[in-house]
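This report concerns only the one structure given below.
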Amino acid sequence: MKKCIALLSVLFCFALWPLHAVEEKEGKKALKVDLEDLKKHAPFVFLDCWRCDKDFIRTEITFVNYVRVRQDSDIHVLVTEQRNGAGGREYTMEFIGRRQFEGMGNTVTYNTLPTDTSDIARRKMVENLKKGLFPFLMQTPLAEYLSVAFRQRLKPTSVDDPWNFWVFYVSANGRLDGEESRQYNSIRGNFSANRVTPEWKIRLGINGNFDESNFEYDGETIESKSRRQSASGQVVKSISDHWSVGGWTGWTHNTYSNQDSVFYFAPAIEYNIFPYHESTRRQMRVMYRIGLTYNKYIEETIYDKTQEELLNQTLSVVFEVKEPWGNASASLEGSNYFHDFSKNKVRLNSHVNFRLVRGLSLTASGGYSRIHDQLGLRKGDASIDEVLLRRKELATDYDYNLSLGISYTFGSVYSNVVNPRFGR
């Protein structure tokens, strides 16, 4: 009899199992919907600071909505700083309530040490931002989910945005200066339209530069003009937490590089060894790009060309890491043209900021290129004024740069007093 009861119990459990699975699935689906709806009710925050790593802040604090202008915010976070007595910095965060939080406000002050790396400094900023936001969040439906660390990561695009996450930028400037024997003027303009979400990255831009210099020397006038205009577009689609596809297209006119009109189209694919959501901390991206280019030259080139169509490929590897000991980055890129593999270029760049011991830091950066792909070089020799005024690109097999620095700070690290008298 006992065996029969046990067998019936097992059969009953198996009969109920599909119903339990459906309920569990429905419960998870409902939880996801509730959390996405919750983000729509999260406060709108305007981060008003100069030295903030805003990408890192958005990655670490996902339970508020960030806006670009103060007038759209519920909380205006004004961050100011002064150098403290130890050589570090004292940060003051003013949390100013607006709209639904009108009349609310609080202040958070904290100090960084002169020996703090950029990673330590930005983590201190994130922790103090959380502290300052806490009183405001307690007045919202998010209060139920608050703890020392927020329990759920919410998508930054869950909020309703009338601009659909498009950001536009327009700028124009002119400059004029001179003296009795020299005159210089320039005009620059720029327009860009960008849309960035976790699924898509779209960047569109138009640029124009005009520079003119006139020199009077020994009764002779030397004139130098340089023009550069370009239009470009980039589209990137996220496939997974490691893979992305996309490409570039654009047009360029550049008198220095002998380019009358250059049209290009280059699809690409990228793999990040680390998940993309860790990009503010570490990245190792491998990208392959293949491009089709049409070149029309201002003057005939050293290869007797006035125009040509070219197919090229590029492979690049980029590594970036930011840790408590400092930060480092390195990139290696190689490219070549398919019609002649000897027409190629290899570029290596690196940078490191390393804390050797407490208070002692080393900074180094450098780059080196092997250049064998200058297909647009003008035929004929350049005059001395064209060389000195950089009006024409010259042939070269390589270029390089190198910088090295060291710093050391010692003494009291507890002197947090700020005294602004007679300046900082």
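Every chain in the structure tokens takes a letter, A first, then B, and so on in the order presented; its residues are numbered from 1, and the ligands are numbered from 1 following the presented order.
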DSSP strand (DSSP E or B) residues within stretch 73-214 of chain A, as an MDAnalysis selection string: chainID A and resid 75:83 89:97 105:112 166:179 182:196 200:214
Counting only C-alpha atoms, what are the residues of stretch 365-387 of chain A within 10 Å of stretch 305-313 of chain A, and for each of them which pair of atoms is the nearest and at what distance in Å, to one decimal? Sort the table by chain and rising number, as CSV.
residue,atom,partner,partner_atom,distance
A:Leu375,CA,A:Lys305,CA,8.9
A:Gly376,CA,A:Lys305,CA,8.4
A:Leu377,CA,A:Lys305,CA,9.9
A:Arg378,CA,A:Lys305,CA,9.5
A:Lys379,CA,A:Lys305,CA,9.5
Close residues, A:Glu94 itself excluded, 7 Å, only C-alpha atoms, min 2 positions apart in chain, as a PyMOL selection string: chain A and resi 77-79+92+96+106-108
Please dump the current selection as an mmCIF file, in the first residue's frame; keep C-alpha atoms.
data_model
loop_
_atom_site.group_PDB
_atom_site.id
_atom_site.type_symbol
_atom_site.label_atom_id
_atom_site.label_comp_id
_atom_site.auth_asym_id
_atom_site.auth_seq_id
_atom_site.Cartn_x
_atom_site.Cartn_y
_atom_site.Cartn_z
ATOM 1 C CA VAL A 77 24.010 67.043 -10.171
ATOM 2 C CA LEU A 78 26.556 69.868 -10.119
ATOM 3 C CA VAL A 79 30.084 68.584 -9.504
ATOM 4 C CA THR A 92 31.570 68.630 -3.974
ATOM 5 C CA ILE A 96 19.448 69.974 -6.846
ATOM 6 C CA ASN A 106 21.612 67.601 -0.567
ATOM 7 C CA THR A 107 25.387 67.859 -0.765
ATOM 8 C CA VAL A 108 28.034 65.133 -0.835
#
Neighbour list for stretch 319-326 of chain A as a PyMOL selection string, cut-off 9 Å, only C-alpha atoms, skip fewer than 5 positions in-chain: chain A and resi 116-120+279-286+331+352-356+361
Give me a file of those residues, with N, CA and C atoms, as a PDB file, in the first residue's frame.
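Ended up saving to result35.pdb:
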ATOM      1  N   ASP A 116      45.820  58.197  -6.049  1.00  0.00           N
ATOM      2  CA  ASP A 116      44.708  57.453  -6.643  1.00  0.00           C
ATOM      3  C   ASP A 116      44.853  57.385  -8.156  1.00  0.00           C
ATOM      4  N   THR A 117      44.636  56.205  -8.720  1.00  0.00           N
ATOM      5  CA  THR A 117      44.612  56.068 -10.172  1.00  0.00           C
ATOM      6  C   THR A 117      43.272  56.575 -10.703  1.00  0.00           C
ATOM      7  N   SER A 118      43.160  56.708 -12.005  1.00  0.00           N
ATOM      8  CA  SER A 118      41.908  57.166 -12.598  1.00  0.00           C
ATOM      9  C   SER A 118      40.777  56.179 -12.329  1.00  0.00           C
ATOM     10  N   ASP A 119      41.098  54.882 -12.233  1.00  0.00           N
ATOM     11  CA  ASP A 119      40.062  53.888 -11.936  1.00  0.00           C
ATOM     12  C   ASP A 119      39.549  54.046 -10.511  1.00  0.00           C
ATOM     13  N   ILE A 120      40.445  54.262  -9.551  1.00  0.00           N
ATOM     14  CA  ILE A 120      40.028  54.464  -8.160  1.00  0.00           C
ATOM     15  C   ILE A 120      39.196  55.736  -8.046  1.00  0.00           C
ATOM     16  N   SER A 279      33.284  47.169 -21.416  1.00  0.00           N
ATOM     17  CA  SER A 279      34.160  47.994 -22.237  1.00  0.00           C
ATOM     18  C   SER A 279      34.781  49.160 -21.484  1.00  0.00           C
ATOM     19  N   THR A 280      34.123  49.675 -20.443  1.00  0.00           N
ATOM     20  CA  THR A 280      34.723  50.775 -19.692  1.00  0.00           C
ATOM     21  C   THR A 280      35.891  50.290 -18.828  1.00  0.00           C
ATOM     22  N   ARG A 281      35.981  48.977 -18.625  1.00  0.00           N
ATOM     23  CA  ARG A 281      37.037  48.395 -17.794  1.00  0.00           C
ATOM     24  C   ARG A 281      38.120  47.729 -18.644  1.00  0.00           C
ATOM     25  N   ARG A 282      37.701  46.972 -19.661  1.00  0.00           N
ATOM     26  CA  ARG A 282      38.688  46.278 -20.486  1.00  0.00           C
ATOM     27  C   ARG A 282      38.073  45.927 -21.844  1.00  0.00           C
ATOM     28  N   GLN A 283      38.927  45.954 -22.869  1.00  0.00           N
ATOM     29  CA  GLN A 283      38.528  45.599 -24.221  1.00  0.00           C
ATOM     30  C   GLN A 283      39.696  44.923 -24.926  1.00  0.00           C
ATOM     31  N   MET A 284      39.367  43.986 -25.787  1.00  0.00           N
ATOM     32  CA  MET A 284      40.344  43.446 -26.740  1.00  0.00           C
ATOM     33  C   MET A 284      39.574  43.117 -28.006  1.00  0.00           C
ATOM     34  N   ARG A 285      39.589  44.078 -28.944  1.00  0.00           N
ATOM     35  CA  ARG A 285      38.768  44.012 -30.136  1.00  0.00           C
ATOM     36  C   ARG A 285      39.622  43.668 -31.365  1.00  0.00           C
ATOM     37  N   VAL A 286      39.141  42.715 -32.137  1.00  0.00           N
ATOM     38  CA  VAL A 286      39.776  42.333 -33.398  1.00  0.00           C
ATOM     39  C   VAL A 286      38.806  42.684 -34.519  1.00  0.00           C
ATOM     40  N   SER A 331      47.473  49.171 -29.769  1.00  0.00           N
ATOM     41  CA  SER A 331      46.770  48.824 -30.998  1.00  0.00           C
ATOM     42  C   SER A 331      47.769  48.501 -32.092  1.00  0.00           C
ATOM     43  N   VAL A 352      50.711  53.689 -21.634  1.00  0.00           N
ATOM     44  CA  VAL A 352      50.601  53.073 -20.315  1.00  0.00           C
ATOM     45  C   VAL A 352      50.776  54.130 -19.239  1.00  0.00           C
ATOM     46  N   ASN A 353      49.951  54.058 -18.222  1.00  0.00           N
ATOM     47  CA  ASN A 353      50.106  54.860 -17.018  1.00  0.00           C
ATOM     48  C   ASN A 353      50.155  53.868 -15.867  1.00  0.00           C
ATOM     49  N   PHE A 354      51.320  53.732 -15.248  1.00  0.00           N
ATOM     50  CA  PHE A 354      51.551  52.639 -14.304  1.00  0.00           C
ATOM     51  C   PHE A 354      52.008  53.187 -12.958  1.00  0.00           C
ATOM     52  N   ARG A 355      51.332  52.778 -11.893  1.00  0.00           N
ATOM     53  CA  ARG A 355      51.743  53.158 -10.546  1.00  0.00           C
ATOM     54  C   ARG A 355      52.779  52.151 -10.060  1.00  0.00           C
ATOM     55  N   LEU A 356      54.039  52.575 -10.034  1.00  0.00           N
ATOM     56  CA  LEU A 356      55.124  51.671  -9.671  1.00  0.00           C
ATOM     57  C   LEU A 356      55.074  51.311  -8.192  1.00  0.00           C
ATOM     58  N   SER A 361      54.548  57.239 -10.227  1.00  0.00           N
ATOM     59  CA  SER A 361      53.835  56.805 -11.424  1.00  0.00           C
ATOM     60  C   SER A 361      54.685  57.042 -12.663  1.00  0.00           C
TER      61      SER A 361
END
Nearest to A:Pro141 by atom-to-atom distance, counting only C-alpha atoms, from A:Tyr368, A:Arg123, A:Glu393, A:Phe63: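 Of A:Tyr368, A:Arg123, A:Glu393, A:Phe63, the one nearest A:Pro141, counting only C-alpha atoms, is A:Phe63.
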Test item: residues at most 8 Å from A:Asn336, only C-alpha atoms, excluding those fewer than 3 positions along its chain, as a list in words: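 The residues satisfying every condition are Asn312, Gln313, Thr314, Asp340, Phe341, Ser342, Lys343, Asn344, Lys345 and Asp373 of chain A.
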Would you mind exporting C-alpha atoms of the selected residues as an mmCIF file, in the first residue's frame?
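As a result, result-v1.cif now contains:
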data_model
loop_
_atom_site.group_PDB
_atom_site.id
_atom_site.type_symbol
_atom_site.label_atom_id
_atom_site.label_comp_id
_atom_site.auth_asym_id
_atom_site.auth_seq_id
_atom_site.Cartn_x
_atom_site.Cartn_y
_atom_site.Cartn_z
ATOM 1 C CA ASN A 312 42.041 47.228 -49.859
ATOM 2 C CA GLN A 313 41.779 45.318 -46.586
ATOM 3 C CA THR A 314 42.612 46.175 -42.966
ATOM 4 C CA ASP A 340 49.797 45.187 -55.262
ATOM 5 C CA PHE A 341 50.516 43.669 -51.838
ATOM 6 C CA SER A 342 53.745 45.678 -51.585
ATOM 7 C CA LYS A 343 51.545 48.778 -51.171
ATOM 8 C CA ASN A 344 50.879 48.345 -47.464
ATOM 9 C CA LYS A 345 51.035 50.032 -44.075
ATOM 10 C CA ASP A 373 50.933 52.958 -49.521
#
Show me, as a Markdown table, the residues of stretch 225-255 of chain A having an atom within 10 Å of stretch 180-195 of chain A, each with the closest atom pair and its distance in Å, using only C-alpha atoms.
| residue | atom | partner | partner_atom | distance |
| --- | --- | --- | --- | --- |
| A:Lys225 | CA | A:Ser186 | CA | 9.7 |
| A:Ser226 | CA | A:Ser186 | CA | 9.4 |
| A:Arg227 | CA | A:Ile187 | CA | 9.8 |
| A:Arg228 | CA | A:Arg188 | CA | 9.6 |
| A:Gln229 | CA | A:Gly189 | CA | 9.4 |
| A:Ser230 | CA | A:Asn190 | CA | 9.7 |
| A:Ala231 | CA | A:Phe191 | CA | 9.5 |
| A:Ser232 | CA | A:Ser192 | CA | 9.4 |
| A:Gly233 | CA | A:Ala193 | CA | 9.5 |
| A:Gln234 | CA | A:Asn194 | CA | 9.4 |
| A:Val235 | CA | A:Arg195 | CA | 9.6 |
For A:Arg98, the nearest of the candidates A:Leu315, A:Leu142, A:Val45, A:Ile57, counting only C-alpha atoms: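 Between A:Leu315, A:Leu142, A:Val45, A:Ile57, the residue approaching A:Arg98 most closely is A:Val45.
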Stretch 135-140 of chain A surroundings by only C-alpha atoms, 10 Å radius, close-in-sequence under 6 positions cut, as a CSV table (one decimal) with C-alpha atoms, in the first residue's frame:
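What landed in part.csv:
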chain,number,residue,atom,x,y,z
A,38,LEU,CA,9.9,50.8,-13.9
A,41,HIS,CA,9.4,56.1,-14.0
A,42,ALA,CA,13.1,56.5,-12.9
A,43,PRO,CA,14.3,60.1,-12.3
A,63,PHE,CA,18.7,52.8,-12.4
A,64,VAL,CA,18.2,56.5,-13.5
A,74,ASP,CA,14.5,65.9,-12.2
A,75,ILE,CA,17.9,66.0,-10.5
A,95,PHE,CA,22.1,67.4,-5.8
A,97,GLY,CA,15.8,68.8,-7.0
A,100,GLN,CA,8.8,66.4,-9.0
A,101,PHE,CA,11.7,66.9,-6.5
A,104,MET,CA,14.7,68.8,-2.3
A,105,GLY,CA,18.5,68.9,-2.3
A,106,ASN,CA,21.6,67.6,-0.6
A,146,LEU,CA,17.2,49.6,-3.6
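Among A:Thr301, A:Thr363, A:Lys130, A:Leu402, the residue with the shortest atom-to-atom distance to A:Leu348, counting only C-alpha atoms, is A:Leu402.
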I'd like the contact shell of A:Trp248 - 10 Å cut-off, only C-alpha atoms, skipping same-chain residues fewer than 6 positions apart - returned as a PDB file with N, CA and C atoms, in the first residue's frame.
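Generated file (part20.pdb):
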ATOM      1  N   ARG A 203      26.634  57.065 -36.788  1.00  0.00           N
ATOM      2  CA  ARG A 203      27.340  58.347 -36.719  1.00  0.00           C
ATOM      3  C   ARG A 203      27.437  58.936 -38.127  1.00  0.00           C
ATOM      4  N   LEU A 204      26.933  60.163 -38.278  1.00  0.00           N
ATOM      5  CA  LEU A 204      26.980  60.873 -39.553  1.00  0.00           C
ATOM      6  C   LEU A 204      27.660  62.220 -39.333  1.00  0.00           C
ATOM      7  N   SER A 232      30.998  61.741 -43.897  1.00  0.00           N
ATOM      8  CA  SER A 232      31.204  60.347 -43.530  1.00  0.00           C
ATOM      9  C   SER A 232      29.984  59.788 -42.817  1.00  0.00           C
ATOM     10  N   GLY A 233      29.870  58.470 -42.863  1.00  0.00           N
ATOM     11  CA  GLY A 233      28.805  57.775 -42.162  1.00  0.00           C
ATOM     12  C   GLY A 233      29.301  56.440 -41.627  1.00  0.00           C
ATOM     13  N   GLN A 234      28.851  56.098 -40.433  1.00  0.00           N
ATOM     14  CA  GLN A 234      29.207  54.824 -39.814  1.00  0.00           C
ATOM     15  C   GLN A 234      27.951  54.183 -39.242  1.00  0.00           C
ATOM     16  N   VAL A 235      27.771  52.894 -39.506  1.00  0.00           N
ATOM     17  CA  VAL A 235      26.649  52.135 -38.956  1.00  0.00           C
ATOM     18  C   VAL A 235      27.194  50.845 -38.357  1.00  0.00           C
ATOM     19  N   VAL A 236      26.829  50.563 -37.103  1.00  0.00           N
ATOM     20  CA  VAL A 236      27.277  49.353 -36.421  1.00  0.00           C
ATOM     21  C   VAL A 236      26.068  48.657 -35.812  1.00  0.00           C
ATOM     22  N   TYR A 264      34.534  56.265 -50.714  1.00  0.00           N
ATOM     23  CA  TYR A 264      34.903  54.955 -50.177  1.00  0.00           C
ATOM     24  C   TYR A 264      33.708  54.278 -49.519  1.00  0.00           C
ATOM     25  N   PHE A 265      33.764  52.956 -49.512  1.00  0.00           N
ATOM     26  CA  PHE A 265      32.766  52.126 -48.837  1.00  0.00           C
ATOM     27  C   PHE A 265      33.508  50.944 -48.242  1.00  0.00           C
ATOM     28  N   ALA A 266      33.325  50.703 -46.927  1.00  0.00           N
ATOM     29  CA  ALA A 266      34.107  49.672 -46.250  1.00  0.00           C
ATOM     30  C   ALA A 266      33.272  48.940 -45.214  1.00  0.00           C
ATOM     31  N   PRO A 267      32.727  47.765 -45.532  1.00  0.00           N
ATOM     32  CA  PRO A 267      32.070  46.937 -44.511  1.00  0.00           C
ATOM     33  C   PRO A 267      33.104  46.299 -43.591  1.00  0.00           C
ATOM     34  N   ALA A 268      32.683  45.976 -42.356  1.00  0.00           N
ATOM     35  CA  ALA A 268      33.625  45.443 -41.371  1.00  0.00           C
ATOM     36  C   ALA A 268      32.903  44.532 -40.390  1.00  0.00           C
ATOM     37  N   ARG A 289      38.310  44.671 -41.982  1.00  0.00           N
ATOM     38  CA  ARG A 289      37.581  45.598 -42.842  1.00  0.00           C
ATOM     39  C   ARG A 289      38.080  45.464 -44.276  1.00  0.00           C
ATOM     40  N   GLY A 291      37.606  47.366 -48.099  1.00  0.00           N
ATOM     41  CA  GLY A 291      37.077  48.628 -48.600  1.00  0.00           C
ATOM     42  C   GLY A 291      37.301  48.830 -50.091  1.00  0.00           C
TER      43      GLY A 291
END
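Here atom CA of A:Glu81 and atom CA of A:Val67 stand 22.1 Å from one another.
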